[in-house]
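Trainee: To start, I am sharing the structure in question, which I have written as structure tokens.
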Amino acid sequence: MPSLQAGYAPNLGFYLKSLKAQPVESSIENLISLLKRRQITNSRPCAVATAHLLLQVVAKFRWTNIDKLIERIQDVGRRLIEAQPREMVVGNIVRRVLGMVRDEAKEERNDDASDSASNSQMGSPRQEHIDQGASHLGGPPPNFSPLRYSTTDDSDSTEANGDDVFGGKTQAASRPPLITSHTSYAPAGGLPPQKSMFQLLSANPSPASSPSGAQSPHNTSNLNATSLSHRLTTSTKDLKAEVIEGIEEIVDELDQADDRIAAQSLEYIHSNEVILTHSSSRSVQKFLLEAAKKRKFTVIIAESYPNDHEATHKSVTRSIKTDAEGTDELTTPKFSKSLSDAGITVILMTDATIFAIMSRVNKVILATHAVIANGGLIAAAGARIIAKAARVHRTPVIVVSGVYKLSPQYPFEFESLIEYGDPGNIVRYQDGALVENLEVDNPVYDYVPPDLVDLYITNIGAHAPSYLYRIVADHYKTEDINFDKPELQ
Amino acid sequence: MSHAQKSRVAAGGKGAAKAKKAAGGKKSENDREDTLQAVILADSFETRFNPFTLERPRCLLPLANTPLIEYTLEFLAMAGVADIFIYCGAHTTAVQSYILSSKWHPSTSAASPFNTLEIVKTTARSVGDALRDLDSRDMITGDFLLVHGDLVSNLPIDEALRNHRDRRIKDKNAIMTMILRAGGLGEHRTKAKGVTPVFVVDPSKNRCVHYEEMHPLQAHKYVDLDEELLKDHKDIEVRTDLIDCGIDICTPDVLALWAESFDYEVPRRHFLHGVLKDYELNGKTIHTEIVDDRYAARVFNLQSYDSVSKDVLGRWTYPLVPDSNLVAGQSYKFERGSLYKENDVMLARTCKAGKKTVLGKGTSVGAGSVVSNSIIGRDCQIGKNVTIKDAYIWDNVSIGDGSNVERAIIANEAVIGKSCKIQPGALISYKVGISDNTEIKPNQRITRAKRKRDADSETEEEVPSDPSIVGPSGHGYEFRDAEEFSDDEEAAFHSSLIYSTQHLNLSNASISTLSSSLSADDEPTGPRSRLSSFTSLSDDGDNEGFHHDAVQGILDTLHEHGDFDSAKLEFMGLRLSNDATDHQIRRAIAVAFSKHISQLVDGEDQKTEASKAAASAFATSGAVQFLKNVALSTGTEEDAVDFLRCLQKDAVNRSSGPLVLAAVCQRLYEEEVVGEEAFLRWWEEAEGMGEDEDVEMMRVRGKTGVFVEWLKEAESESESGSDEESEEESEDE
């Protein structure tokens with residue numbers, strides 16, 4: 001990976017800064033190049049870049065009807081996915097945005113219908129709402145300001161509030177999430193899917209992050225939502241504002257996913273447990289740190305040589321997580337303590353000793369690169385060995401992943417999802433004899449089949465692998481799943 | 001980096017360049033840190049890729065089906081360079097039209113990461129000329145990257161840049177930082193073969209203090225270090241393991257230095273060597289940044305084309321690998337075993353497309369064919385039962401059934417007939433047609449390029465096909481590069497002895513014979529004579545490169561009965577550039593003359609008498625003057641004695657040595673090149689050695705004894721005449 005120090009080399013930070021000033025087409029091409037050159041890698045940076053780009057695409061695109069907008073987003077999405085098909089989050093974000101646009105459009109249509117039907121009844125209250133809406137959609141919505149990201153970085157308050165917002169779900173995370181989600185999905189057969197989508201979105205913005213006025217329409221009931229939609233009928237401009245707001249909510253979700261996941265950690269990590277984890281992942285680190293606030297336990301880290309071992313070492317000893325967005329102002333580096341500073345007993349070991357130590361491990365916690373619809377996951381190379389060893393010892397395997405990593409795609413060839421990296425990490429290029437005579441393969445990822453995973457902890461709760469398809473159905477529209485492959489539609 | 005500037009991408013073009021220049025002019029150092037400029041030398045000013053480069057510039061040749069310059073531009077984009085200047089010489093229009101249609105040009109493509117991209121056409125004939133031209137254009141406002149258009153690298157250079165800046169702040173004279181890739185001490189396919197760059201580095205300051213290039217043609221394998229260097233630097237590393245990828249971070253001072261020394265042609269052998277040597281004079285320092293991580297290499301000859309291709313397929317250049325699809329429209333996918341396949345490839349069910357293979361779009365491979373370790377371009381038709389191994393096949397090539405291609409390069413639109421056999425090392429250029437059942441010999445180079453009939457003619461015309469090579473219905477003729485051997489041994493090393501190690505070994509053999517035929521003349525291999533050379537003239541071994549070139553030059557003149565006036569110019573130039581001593585000059589001249597004469601004497605066709613041979617040699621126009629002015633420029637007796645000793649020593653190795661020596665001595669005396677005092681003194685010194693004298697040396701001067709006796713007699717006569725006369729005589733000489 002290119003060096004991330006402040007220099008000339010472009011990275012996510014540079015990219016996000018350049019977004020505003022550049023014409024959209026340049027931004028798109030720029031991101032494509034960055035993805036191709038792997039100057040933006042890993043799930044979160046890719047997701048953040050994609051979401052911000054789509055925000056610009058929507059904001060700067062002149063459209064008259066919603067289908068044009070969908071086409072446009074599909075077109076951009078197709079190009080991004082083609083640029084780097086193995087970064088599945090890019091496609092996920094595009095599909096999420098598409099789904100959201102479709103929801104908004106549907107709502108608009110419904111409301112058109114209901115509008116004409118109920119026109120006579122709702123005369124005056126509607127007028128009121130329009131006024132309200134006009135006052136707050138006249139200019140750019142208050143949400144639409146980069147400043148608010150910096151406010152979300154106030155991590156303490158975010159966490160606290162996250163708990164509040166999340167309240168019910170978090171408490172019941174071990175079992176009831178199934179039920180809570182069922183309540184929203186069970187009637188889904190009859191209901192338009194946007195309802196659950198809407199709930200999801202409304203659950204996301206934290207009160208601290210947005211000025212109180214902005215989110216009020218979301219947190220209110222259906223009634224309010226329908227009245228809100230009346231505003232949309234006034235012009236596409238309002239719809240545009242809605243879409244932009246929706247994308248910003250996705251950005252917020254990306255930002256807060258780790259905290260949401262971490263908030264559940266006490267449910268899963270108990271005192272004096274021995275936990276095995278692998279590679280360096282911000283999600284997992286936060287998860288462990290959160291638990292360490294209240295409990296003492298031991299963490300064994302497999303260093304995931306050769307692609308990630310340096311980052312792994314740093315995560316143990318250094319306090320700054322040198323994640324790809326380290327220099328990025330918009331998602332400011334989270335100054336989390338290192339694991340050992342937090343009072344966790346940390347044992348570092350090589351990947352080869354995993355099986356030997358597995359008998360002493362109570363729980364395996366894995367980070368992911370992407371989760372696929374069947375419940376399997378793509379994770380840093382070595383994850384499969386760990387999962388397999390855990391299976392032999394009947395050790396539970398917990399996967400920590402934001403919902404944004406969950407992809408609706410179900411590839412038939414898992415091999416095609418695995419990226420082969422720089423063999424220079426394994427064999428030094430100086431070693432002429434090896435370079436000449438050997439073929440050195442350096443797969444960066446592993447595929448872990450769903451039967452090796454016991455539980456997924458996401459920012460919307462914990463789920464069994466077999467249940468993921470429901471979440472997929474909830475987050476993505478069927479018509480969007482294969483939008484990038486016209487031959488499958 | 002200022003993103004306001006970066007955002008001007010779309011505006012791009014010359015307007016932005018001017019604006020920046022104006023800004024750069026006014027503001028000082030702080031501003032120049034803002035953007036990074038880069039100069040790409042798209043013309044190599046070499047002919048190593050002939051015959052392909054007759055028709056296309058090197059930077060557009062495909063490496064793993066992607067033009068070379070794409071890799072270079074990706075590297076620069078990765079580094080965050082904002083302004084690019086592409087220097088083109090030959091084939092400017094081709095480069096221009098390629099760049100304009102690519103994603104890189106800011107005025108034609110929204111995807112360009114650069115603010116400005118300017119293609120500069122130059123009439124330069126060397127890198128030096130191009131850089132001097134750049135200096136005069138005044139486009140460079142600050143530190144810039146100087147790279148070649150054939151660079152393949154995924155190095156992040158931020159750190160090197162930072163170090164460069166830090167050094168620069170501390171010391172204004174730190175003008176350049178070279179980025180070098182450690183290549184390990186053992187054999188390495190990507191290390192330069194043949195010519196070994198030697199970097200002498202002070203590791204404490206990362207400063208390069210000396211640079212030299214060594215190649216196997218050189219008989220002595222020493223690096224000459226100024227002893228001052230050893231005094232001034234506590235630690236010194238002499239490194240031959242470095243892969244020189246030609247990435248230089250330069251300050252504008254570098255251009256000024258180039259401009260000052262108009263005889264510098266190439267960046268390393270001339271510029272680097274020269275600047276380091278003149279450290280006392282100019283006080284400029286050049287630093288190195290040695291990296292042992294990531295990839296960087298240049299495709300500077302066909303051998304490196306082969307090795308870098310392998311590196312790309314082996315993913316060492318990740319992320320610059322085929323399945324990153326860097327060029328718009330590519331659709332490569334990576335399959336296990338390093339098979340890179342684009343969409344729409346048609347593979348017959350029974351064919352085997354093996355590992356480390358690239359197959360471009362629209363290519364079809366027939367039944368029973370086997371493709372391994374090869375790169376095949378787009379729209380190629382590979383027939384049935386074809387075997388392709390280690391080969392590079394570019395676009396639109398068709399290969400007939402049953403043919404066999406091994407370790408060859410076949411360029412665009414070539415047609416290979418059925419049951420042909422293309423042997424290793426063959427280069428088949430654009431549009432060549434090979435008829436059925438033809439065998440192409442190893443290392444044969446076939447082209448259809450038009451060429452000038454002779455050096456004077458203006459128009460290029462088609463050359464008739466040579467059926468003995470391409471078969472009765474084929475098209476193409478064998479390409480021969482006339483200049484290549486006489487011009488520069490190194491060039492021969494790079495271009496003619498193609499690209500596989502296999503060939504290189506073969507070439508090594510030929511080189512060793514070549515060098516032995518040359519060096520055996522002056523440095524006999526027998527232990528005894530070596531001893532003698534050590535005792536008599538200890539600095540004989542120095543500057544072998546000079547000696548070799550010089551001897552060759554004089555020999556050519558003698559052989560062709562050419563004009564010594566021009567030879568003298570050349571010779572003096574050589575002397576200056578190599579900093580040869582007077583003794584080395586004398587030695588070279590002595591060796592050349594004695595070799596030429598003895599060749600005449602021992603000539604297989606007709607034997608010439610030694611005296612006649614010597615006379616003919618001295619009859620060459622200007623020869624006498626040359627000897628007087630160059631070999632014995634000081635005119636002192638010591639020099640003359642030294643010259644004679646060189647002659648004597650050289651004659652030791654000639655079968656007819658004694659005869660030649662005697663004849664030459666006589667001539668020298670007759671032409672008044674060497675005076676009798678010198679002869680006598682030389683003789684006395686030799687006699688005086690008595691027992692210590694080498695047997696061989698004694699034998700060789702035996703025949704000359706008669707001449708010396710005669711001299712002595714003559715002298716005693718004249719001595720009886722008058723002392724003054726003899727003094728005058730010696731002064732004349």
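Simple scheme: letters A, B, ... for chains in structure tokens order, numbers from 1 for residues in each chain, numbers from 1 for ligands in the order shown.
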Taking only C-alpha atoms into account, what are the residues of chain A at most 9 Å from chain B, put as a count of residues only?

Mentor: 53

Trainee: For Glu406 in chain B, list every protein, DNA or RNA residue within 12 Å, evaluated using only C-alpha atoms, and leave out those in the same chain fewer than 3 positions away; present the list as a PyMOL selection string.

Mentor: chain B and resi 370-375+386-393+403+409-410+420-427+439-443+500

Trainee: Between CA of Pro450 in chain A and CA of Lys363 in chain A, what is the distance in Å, rounded to a tenth?

Mentor: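 Here the two named atoms are 16.8 Å from each other.
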